[in-house]
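Engineer: Here it is, the structure in full.
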Amino acid sequence: MATLFNTLPSTGQTPAIIVPGKPDALFISYHQLNSHVSSFQKKLAHLGIATEAAVSIALPNSYEFIVAFLAASWQRAIAAPLNPAYKQEEFEFYIDDLSSSVALVPRGSYHQNGPAVCAARKYKAAIAECYWNGHEVVLDIKDSGKLSGKYVQEIQKPQSNDIALVLHTSGTTGRPKAVPLTHRNLTRTMKNVQTTYKLTWNDRTLLVMPLFHVHGLLAGLLAPLFSGGSVVVPSRFSASEFWDNFITYNANWYTAVPTIHQILLRNPPPSKMPNIRFIRSCSSPLSPKTFHELEQAFNAPVLEAYAMTEGAHQMTSNPLPPAKRYPGSVGIGQGVEVKILDAKGSEISQGGEGEISIRGENVTKGYLNNPKANQTSFTKDGFFRTGDQGKQDEDGYVIITGRIKELINKGGEKISPVELDNVVSQHPSVAEAVCFAIADDMFGQDIGLAVVLKDGMKTTPEELRKWIAAKVAKFKVPEQIFLTENMPKTPTGKVQRRMVAEAMLQQQKPKTKL
C-alpha cells in the first residue's frame, strides 16, 4: 500500500533532520521523528481533525512544519501548506477554498493578529500556534473555531488513495486551481526521485527551497527521507550561510531554482570546495551558460529536471553520470510516460514540436471542483497536458521550446497574470490592467504591467506599485509598470499579452526599474 510514511524508515539513530543553530544544532533521529509525528497526530485527533479535514500550514521551513505536515497526512487529513509571506486577502482565499478546519501558525502570531490568524478567524477555522519546546512540537490551540464542541477523533491509518496534500497552482483563468495529490502520487514521486539520483542513507541534502512549494517538499524533504538519508533544514536560504551549513553538516547535494544557483555563483565560494555528488536544478529554465558555470565552479554534475505541481513535482530529469546530460534539456522521463501531442491530442512524430504531455502514477487525477480545467488538461487516455511546448530528441531527451500557457515563471514561482489583472483593476484610478512576463537576468522572468487610467484620474507607477504591494505577496509585485492611453488589442478586441508586452517594451527607452 503506497502511503506517505505509515512509519518512517527504520534506521535507528541515523539523523533524519538537522536544524542548524548556534550554539547548538537540533539533531533528530528517525526514531525521534516517528515519535514526534505520532504525538502530534494524537493532538490533531484530540482537536477534532477527521478524515479529509484540511489543515492549513502557514509555517516557515522548520521542524514544526515537517512534523505538522506528516502528522496531518497520517491522520488522513489534507495538508495545505501556505506561503507565510502571503497577505491576509491571499490567506483568506486559500483557507476559504478548502474550508480549512485549522490554521497552524508560528508562535506569537495569535496575539499579533498576523494575516493568517485574521484570515482563519474570518472563516472560523481553528487557530493553533506550533513550536518546538525542546522535547516535542507543541500544538497550542488559541481558538477552536468551527471545531469547538467537536468530538475527539480516532487515530487513523492513511490509505493509498487518500488525498495527502493540496497545493494551488495558478492558471490563465485567474482563479488558482486546487491540485489534490494522494499518498500514492507522492510516494511514486519519492521513489522516482530516489531512483533518478540513486539516493541512499549515505546522502545528505541542504534544503534551500520553501516547504510550501512542491519542489522543496518532495525533492528537498520527502524523497531524501524516503531514502533513509538526512535533510539539513535552515529556516531560509542564505547565500552567506549556505556553504558553512553545507560543510558543517556534511551535505553532499542540493536542489534549487536557477535564481539560487546564480546567487551562489555571485557570492564567494568556500576556501575548500566540499565533495558534491550532484547539483539539481528545477522549477525554472536553467540557461546553458549557468549550467557550465556551476559545473566549473563547484566541480559537480548539474542535472536539470522538469516538474509541475500536477505531477507531484518531478516528471523528467537528466540522469547521473556516466549517462548523458544535456545543457538546455530537462532530460528524460523518470517513472512517467512522455509524449508530444498536437492540439487534437494526437502524438507528433519524433522531433516535432507540440505540447509536452505526461502520464504516470505520480500525476494527479484532476483538479478539485474544476471540471472545465480537467476536460482541457487531460486526454481521454489519461495524459496530462502541461501547457509547455517542446520536443524530444532521438534519445528521448525533452527540450522545452516555449510556454503555451501565459503563466509568469519568476524564479520558479508561477504567477497568474489574470489574477494580478484582477487585483490591479480594483485600484480606483485604473480602467484596464494587463500583466505579462518580461525577461529578467536573475529570475528568468519578472512581471510587467500595462495600465490605462480612467478619464481624469492620475497616479504614478511608484504609487501603483506601493498600492499593489499592500495587496499581494512581494514576489507578485510588478517590476515594471507602464502607463498607456490605449491597450493593444487584436482586431476582434481581445487582449494578447505577448502583443501588449511587445508594445510596452518598445516604448521603453531606456529600461527603467522602479
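The way I read the labels, and the way they are meant: chains A, B, ... in the order of the C-alpha cells, residue 1 as the first residue of every chain, and ligand 1 as the first ligand shown, with later ones counted on from there.
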Using only C-alpha atoms, find each residue in region 167-249 of chain A having at least one atom no more than 12 Å away from region 64-81 of chain A; report its shortest atom-to-atom pair and that distance in Å (one decimal), rows by chain then rising number, as JSON lines.

Structural biologist:
{"residue": "A:Leu167", "atom": "CA", "partner": "A:Ala80", "partner_atom": "CA", "distance": 6.3}
{"residue": "A:His168", "atom": "CA", "partner": "A:Ala80", "partner_atom": "CA", "distance": 8.9}
{"residue": "A:Ala178", "atom": "CA", "partner": "A:Ala80", "partner_atom": "CA", "distance": 10.1}
{"residue": "A:Val179", "atom": "CA", "partner": "A:Ala80", "partner_atom": "CA", "distance": 10.3}
{"residue": "A:Pro180", "atom": "CA", "partner": "A:Ile78", "partner_atom": "CA", "distance": 8.8}
{"residue": "A:Leu181", "atom": "CA", "partner": "A:Ile78", "partner_atom": "CA", "distance": 9.3}
{"residue": "A:Thr182", "atom": "CA", "partner": "A:Ile78", "partner_atom": "CA", "distance": 9.3}
{"residue": "A:His183", "atom": "CA", "partner": "A:Ser73", "partner_atom": "CA", "distance": 8.3}
{"residue": "A:Leu186", "atom": "CA", "partner": "A:Ser73", "partner_atom": "CA", "distance": 11.1}
{"residue": "A:Pro210", "atom": "CA", "partner": "A:Pro81", "partner_atom": "CA", "distance": 10.1}
{"residue": "A:Leu211", "atom": "CA", "partner": "A:Pro81", "partner_atom": "CA", "distance": 7.6}
{"residue": "A:Phe212", "atom": "CA", "partner": "A:Pro81", "partner_atom": "CA", "distance": 4.8}
{"residue": "A:His213", "atom": "CA", "partner": "A:Pro81", "partner_atom": "CA", "distance": 7.9}
{"residue": "A:Val214", "atom": "CA", "partner": "A:Pro81", "partner_atom": "CA", "distance": 9.6}
{"residue": "A:Gly216", "atom": "CA", "partner": "A:Ile66", "partner_atom": "CA", "distance": 11.5}
{"residue": "A:Leu217", "atom": "CA", "partner": "A:Ile66", "partner_atom": "CA", "distance": 9.1}
{"residue": "A:Leu218", "atom": "CA", "partner": "A:Ile66", "partner_atom": "CA", "distance": 11.7}
{"residue": "A:Gly220", "atom": "CA", "partner": "A:Ile66", "partner_atom": "CA", "distance": 11.8}
{"residue": "A:Leu221", "atom": "CA", "partner": "A:Ile66", "partner_atom": "CA", "distance": 8.6}
{"residue": "A:Leu222", "atom": "CA", "partner": "A:Ile66", "partner_atom": "CA", "distance": 9.5}
{"residue": "A:Leu225", "atom": "CA", "partner": "A:Ile66", "partner_atom": "CA", "distance": 11.1}
{"residue": "A:Val231", "atom": "CA", "partner": "A:Ile66", "partner_atom": "CA", "distance": 11.0}
{"residue": "A:Val233", "atom": "CA", "partner": "A:Ile66", "partner_atom": "CA", "distance": 9.8}
{"residue": "A:Ser235", "atom": "CA", "partner": "A:Phe65", "partner_atom": "CA", "distance": 10.5}

Engineer: Identify, on the basis of only C-alpha atoms, every residue whose closest approach to region 23-39 of chain A does not exceed 6 Å; exclude the query and any residue fewer than 6 positions from it along the same chain; express the result as a PDB file with C-alpha atoms, in the first residue's frame.

Structural biologist:
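Result file out_16.pdb:
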ATOM      1  CA  GLN A  13      19.569   6.688  15.423  1.00  0.00           C
ATOM      2  CA  THR A  14      20.585   7.878  11.939  1.00  0.00           C
ATOM      3  CA  PRO A  15      19.862  11.643  11.719  1.00  0.00           C
ATOM      4  CA  ALA A  16      16.703  12.353   9.751  1.00  0.00           C
ATOM      5  CA  ILE A  17      16.500  16.112  10.320  1.00  0.00           C
ATOM      6  CA  VAL A  67       6.083  17.234  11.990  1.00  0.00           C
ATOM      7  CA  ALA A  71       1.063  14.151  11.240  1.00  0.00           C
TER       8      ALA A  71
END

Engineer: Return the single residue from A:Val495, A:Leu483, A:Ile141, A:Val19 that is closest to Tyr249 (chain A), with distances computed using only C-alpha atoms.

Structural biologist: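 Once distances to Tyr249 (chain A) are computed over only C-alpha atoms, the minimum belongs to A:Val19.
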
Engineer: Give me, as number ranges by chain, all polymer residues having an atom no more than 7 Å from Arg359 (chain A), counting only C-alpha atoms and skipping those fewer than 2 positions away in the same chain.

Structural biologist: A: 336-338, 363, 382-384

Engineer: What does the file look like for those residues with N, CA and C atoms, as a JSON list (two decimals), in the first residue's frame?

Structural biologist:
[["chain", "number", "residue", "atom", "x", "y", "z"],
["A", 336, "VAL", "N", 7.68, 8.14, -15.66],
["A", 336, "VAL", "CA", 6.47, 8.60, -16.35],
["A", 336, "VAL", "C", 6.63, 8.36, -17.86],
["A", 337, "GLU", "N", 5.49, 8.28, -18.54],
["A", 337, "GLU", "CA", 5.49, 8.29, -20.00],
["A", 337, "GLU", "C", 5.44, 9.73, -20.47],
["A", 338, "VAL", "N", 6.22, 10.05, -21.48],
["A", 338, "VAL", "CA", 6.24, 11.40, -22.05],
["A", 338, "VAL", "C", 5.85, 11.32, -23.52],
["A", 363, "VAL", "N", 0.94, 11.44, -11.17],
["A", 363, "VAL", "CA", 0.15, 12.55, -11.70],
["A", 363, "VAL", "C", -1.23, 12.59, -11.06],
["A", 382, "GLY", "N", -5.64, 9.61, -20.41],
["A", 382, "GLY", "CA", -5.01, 9.89, -19.13],
["A", 382, "GLY", "C", -3.72, 10.67, -19.16],
["A", 383, "PHE", "N", -3.36, 11.28, -20.29],
["A", 383, "PHE", "CA", -2.17, 12.11, -20.32],
["A", 383, "PHE", "C", -2.50, 13.52, -19.84],
["A", 384, "PHE", "N", -1.63, 14.06, -19.02],
["A", 384, "PHE", "CA", -1.79, 15.44, -18.55],
["A", 384, "PHE", "C", -1.06, 16.36, -19.51]]

Engineer: Hey, what does DSSP flag as strand (DSSP E or B) within region 141-285 of chain A? Can you give it to me as a PyMOL selection string?

Structural biologist: chain A and resi 141-143+163-169+177-182+204-206+230-232+253-256+278-281

Engineer: Write the selection just made, keeping C-alpha atoms, as a PDB file, in the first residue's frame?

Structural biologist:
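New file selection.pdb:
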ATOM      1  CA  ILE A 141      -4.781  25.940  20.468  1.00  0.00           C
ATOM      2  CA  LYS A 142      -5.707  29.622  20.625  1.00  0.00           C
ATOM      3  CA  ASP A 143      -9.172  29.476  19.045  1.00  0.00           C
ATOM      4  CA  ILE A 163      -5.574  12.984  -0.502  1.00  0.00           C
ATOM      5  CA  ALA A 164      -2.457  13.813   1.489  1.00  0.00           C
ATOM      6  CA  LEU A 165      -1.678  17.224   0.064  1.00  0.00           C
ATOM      7  CA  VAL A 166      -3.435  20.053  -1.761  1.00  0.00           C
ATOM      8  CA  LEU A 167      -1.482  22.827  -3.408  1.00  0.00           C
ATOM      9  CA  HIS A 168      -2.891  25.574  -5.582  1.00  0.00           C
ATOM     10  CA  THR A 169      -1.487  26.329  -8.986  1.00  0.00           C
ATOM     11  CA  LYS A 177      -6.657  25.676  -9.239  1.00  0.00           C
ATOM     12  CA  ALA A 178      -6.557  23.212  -6.355  1.00  0.00           C
ATOM     13  CA  VAL A 179      -4.355  20.194  -7.083  1.00  0.00           C
ATOM     14  CA  PRO A 180      -5.105  17.144  -4.909  1.00  0.00           C
ATOM     15  CA  LEU A 181      -2.196  14.739  -4.503  1.00  0.00           C
ATOM     16  CA  THR A 182      -2.757  11.354  -2.936  1.00  0.00           C
ATOM     17  CA  ARG A 204      22.522  14.354   2.993  1.00  0.00           C
ATOM     18  CA  THR A 205      20.932  17.397   1.369  1.00  0.00           C
ATOM     19  CA  LEU A 206      20.772  21.041   2.385  1.00  0.00           C
ATOM     20  CA  SER A 230      19.307  13.221   6.117  1.00  0.00           C
ATOM     21  CA  VAL A 231      17.976  16.712   5.485  1.00  0.00           C
ATOM     22  CA  VAL A 232      19.563  19.890   6.817  1.00  0.00           C
ATOM     23  CA  TRP A 253      23.864  17.504  -2.790  1.00  0.00           C
ATOM     24  CA  TYR A 254      21.197  20.158  -3.085  1.00  0.00           C
ATOM     25  CA  THR A 255      18.275  21.075  -5.346  1.00  0.00           C
ATOM     26  CA  ALA A 256      17.242  24.635  -6.197  1.00  0.00           C
ATOM     27  CA  PHE A 278      25.437  16.335  -7.803  1.00  0.00           C
ATOM     28  CA  ILE A 279      23.541  19.617  -8.091  1.00  0.00           C
ATOM     29  CA  ARG A 280      19.900  19.511  -9.156  1.00  0.00           C
ATOM     30  CA  SER A 281      18.116  22.390 -10.886  1.00  0.00           C
TER      31      SER A 281
END

Engineer: Counting only C-alpha atoms, figure out which residue out of A:Gln41, A:Ser101, A:Ile358, A:Pro301 gets nearest to Pro158 (chain A).

Structural biologist: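 Counting only C-alpha atoms, the residue closest to Pro158 (chain A) is A:Gln41.
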
Engineer: Pick the closest to Val193 (chain A) from A:Val137, A:Met273, A:Ala373, A:Ala223: which is it, counting only C-alpha atoms?

Structural biologist: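 Checking each candidate against Val193 (chain A), we get A:Ala223 as the closest.
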
Engineer: Of the candidates A:Leu98, A:Ala219, A:Met209, A:Val418, which one gets nearest to Leu368 (chain A) if we count only C-alpha atoms?

Structural biologist: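 Among the listed residues, the smallest separation from Leu368 (chain A) belongs to A:Leu98.
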
Engineer: Which is closer to Val117 (chain A) than all the others in A:Val152, A:Leu59, A:Ile49, A:Val424, using only C-alpha atoms?

Structural biologist: A:Leu59

Engineer: May I have the residues within 12 Å of Asp440 (chain A) as a list in words, using only C-alpha atoms and disregarding those fewer than 6 positions away in the same chain?

Structural biologist: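 So, after excluding close chain neighbours, the residues are Pro258, Thr259, Ile408, Asn409, Lys410, Gly411, Asp446, Ile447, Gly448, Glu479, Gln480, Lys511 and Lys513 of chain A.
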
Engineer: Near Ala312 (chain A), within 6 Å and counting only C-alpha atoms, which residues show up once chain neighbours fewer than 2 positions away are dropped, as a list in words?

Structural biologist: Thr309, Glu310 and Asn362 of chain A

Engineer: Could you give me the residues within region 146-374 of chain A that DSSP places in helix (DSSP H, G or I), as a VMD selection string?

Structural biologist: chain A and resid 146 to 147 183 to 197 214 to 226 239 to 248 258 to 266 288 to 298 309 to 311 371 to 374

Engineer: Could you check how far CA of Asn113 (chain A) sits from CA of Ala470 (chain A), in Å to one decimal?

Structural biologist: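 Taking CA of Asn113 (chain A) as the start and CA of Ala470 (chain A) as the end point, the length is 16.4 Å.
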
Engineer: So, counting only C-alpha atoms, which residue among A:Val451, A:Thr401, A:Asn161, A:Asn299 is closest to Asn185 (chain A)?

Structural biologist: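 Closest to Asn185 (chain A), using only C-alpha atoms: A:Asn161.
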
Engineer: Give me, as a compact mmCIF listing (two decimals) with N, CA and C atoms, in the first residue's frame, all polymer residues having an atom no more than 9 Å from Phe237 (chain A), counting only C-alpha atoms and skipping those fewer than 2 positions away in the same chain.

Structural biologist:
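See out_2.txt below for the written result:
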# COMPACT_ATOMS: atom_id res chain seq x y z
N LEU A 207 18.48 21.78 2.48
CA LEU A 207 17.21 22.27 1.94
C LEU A 207 17.26 23.78 1.78
N VAL A 208 17.09 24.26 0.55
CA VAL A 208 17.09 25.71 0.30
C VAL A 208 15.76 26.19 -0.25
N MET A 209 14.91 25.26 -0.71
CA MET A 209 13.62 25.63 -1.27
C MET A 209 12.56 25.65 -0.17
N PRO A 210 11.54 26.51 -0.30
CA PRO A 210 10.48 26.56 0.72
C PRO A 210 9.64 25.29 0.71
N PRO A 234 17.67 24.72 7.34
CA PRO A 234 17.73 26.08 7.87
C PRO A 234 16.37 26.74 7.70
N SER A 235 16.14 27.84 8.40
CA SER A 235 14.83 28.50 8.34
C SER A 235 14.58 29.18 7.00
N ALA A 239 22.65 33.03 1.27
CA ALA A 239 23.87 32.81 0.50
C ALA A 239 25.11 32.86 1.39
N GLU A 241 25.34 31.95 4.46
CA GLU A 241 25.43 30.82 5.38
C GLU A 241 25.40 29.47 4.66
N PHE A 242 25.14 29.49 3.35
CA PHE A 242 24.95 28.24 2.61
C PHE A 242 26.15 27.30 2.74
N ILE A 260 18.70 30.72 -7.36
CA ILE A 260 19.57 30.42 -6.22
C ILE A 260 20.96 30.01 -6.69

Engineer: Compile the contact shell of Ser317 (chain A) as JSON, numbers by chain: residues with an atom at most 10 Å away, counting only C-alpha atoms, same-chain residues fewer than 3 positions apart removed.

Structural biologist: {"A": [193, 196, 197, 280, 281, 282, 303, 304, 305, 306, 307, 314, 320, 325, 329, 330, 331, 332, 333, 334, 397, 398]}

Engineer: Emit the selected residues as a PDB file, in the first residue's frame, including C-alpha atoms.

Structural biologist:
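Wrote it out as result34.pdb, contents follow:
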ATOM      1  CA  VAL A 193      13.475  10.899  -7.294  1.00  0.00           C
ATOM      2  CA  THR A 196      16.891   9.063 -10.618  1.00  0.00           C
ATOM      3  CA  TYR A 197      19.646  10.220  -8.247  1.00  0.00           C
ATOM      4  CA  ARG A 280      19.900  19.511  -9.156  1.00  0.00           C
ATOM      5  CA  SER A 281      18.116  22.390 -10.886  1.00  0.00           C
ATOM      6  CA  CYS A 282      14.360  22.563 -11.358  1.00  0.00           C
ATOM      7  CA  LEU A 303      21.227  17.764 -13.501  1.00  0.00           C
ATOM      8  CA  GLU A 304      18.304  19.824 -14.758  1.00  0.00           C
ATOM      9  CA  ALA A 305      14.830  18.423 -14.110  1.00  0.00           C
ATOM     10  CA  TYR A 306      11.285  19.326 -15.152  1.00  0.00           C
ATOM     11  CA  ALA A 307       8.393  19.310 -12.727  1.00  0.00           C
ATOM     12  CA  GLN A 314       9.364  15.590 -10.870  1.00  0.00           C
ATOM     13  CA  LEU A 320      23.623  10.926 -13.255  1.00  0.00           C
ATOM     14  CA  ARG A 325      23.296  15.136 -19.513  1.00  0.00           C
ATOM     15  CA  SER A 329      17.361  19.871 -21.962  1.00  0.00           C
ATOM     16  CA  VAL A 330      15.279  18.829 -18.962  1.00  0.00           C
ATOM     17  CA  GLY A 331      16.218  15.199 -19.516  1.00  0.00           C
ATOM     18  CA  ILE A 332      14.208  12.029 -19.948  1.00  0.00           C
ATOM     19  CA  GLY A 333      11.023  10.721 -18.347  1.00  0.00           C
ATOM     20  CA  GLN A 334      11.562   9.495 -14.797  1.00  0.00           C
ATOM     21  CA  TYR A 397      15.556  13.959 -24.031  1.00  0.00           C
ATOM     22  CA  VAL A 398      12.947  16.710 -23.674  1.00  0.00           C
TER      23      VAL A 398
END

Engineer: Could you tell me how far CA of Lys150 (chain A) lies from CA of Ala45 (chain A), in Å and to one decimal?

Structural biologist: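 That distance, rounded to one decimal, is 10.4 Å.
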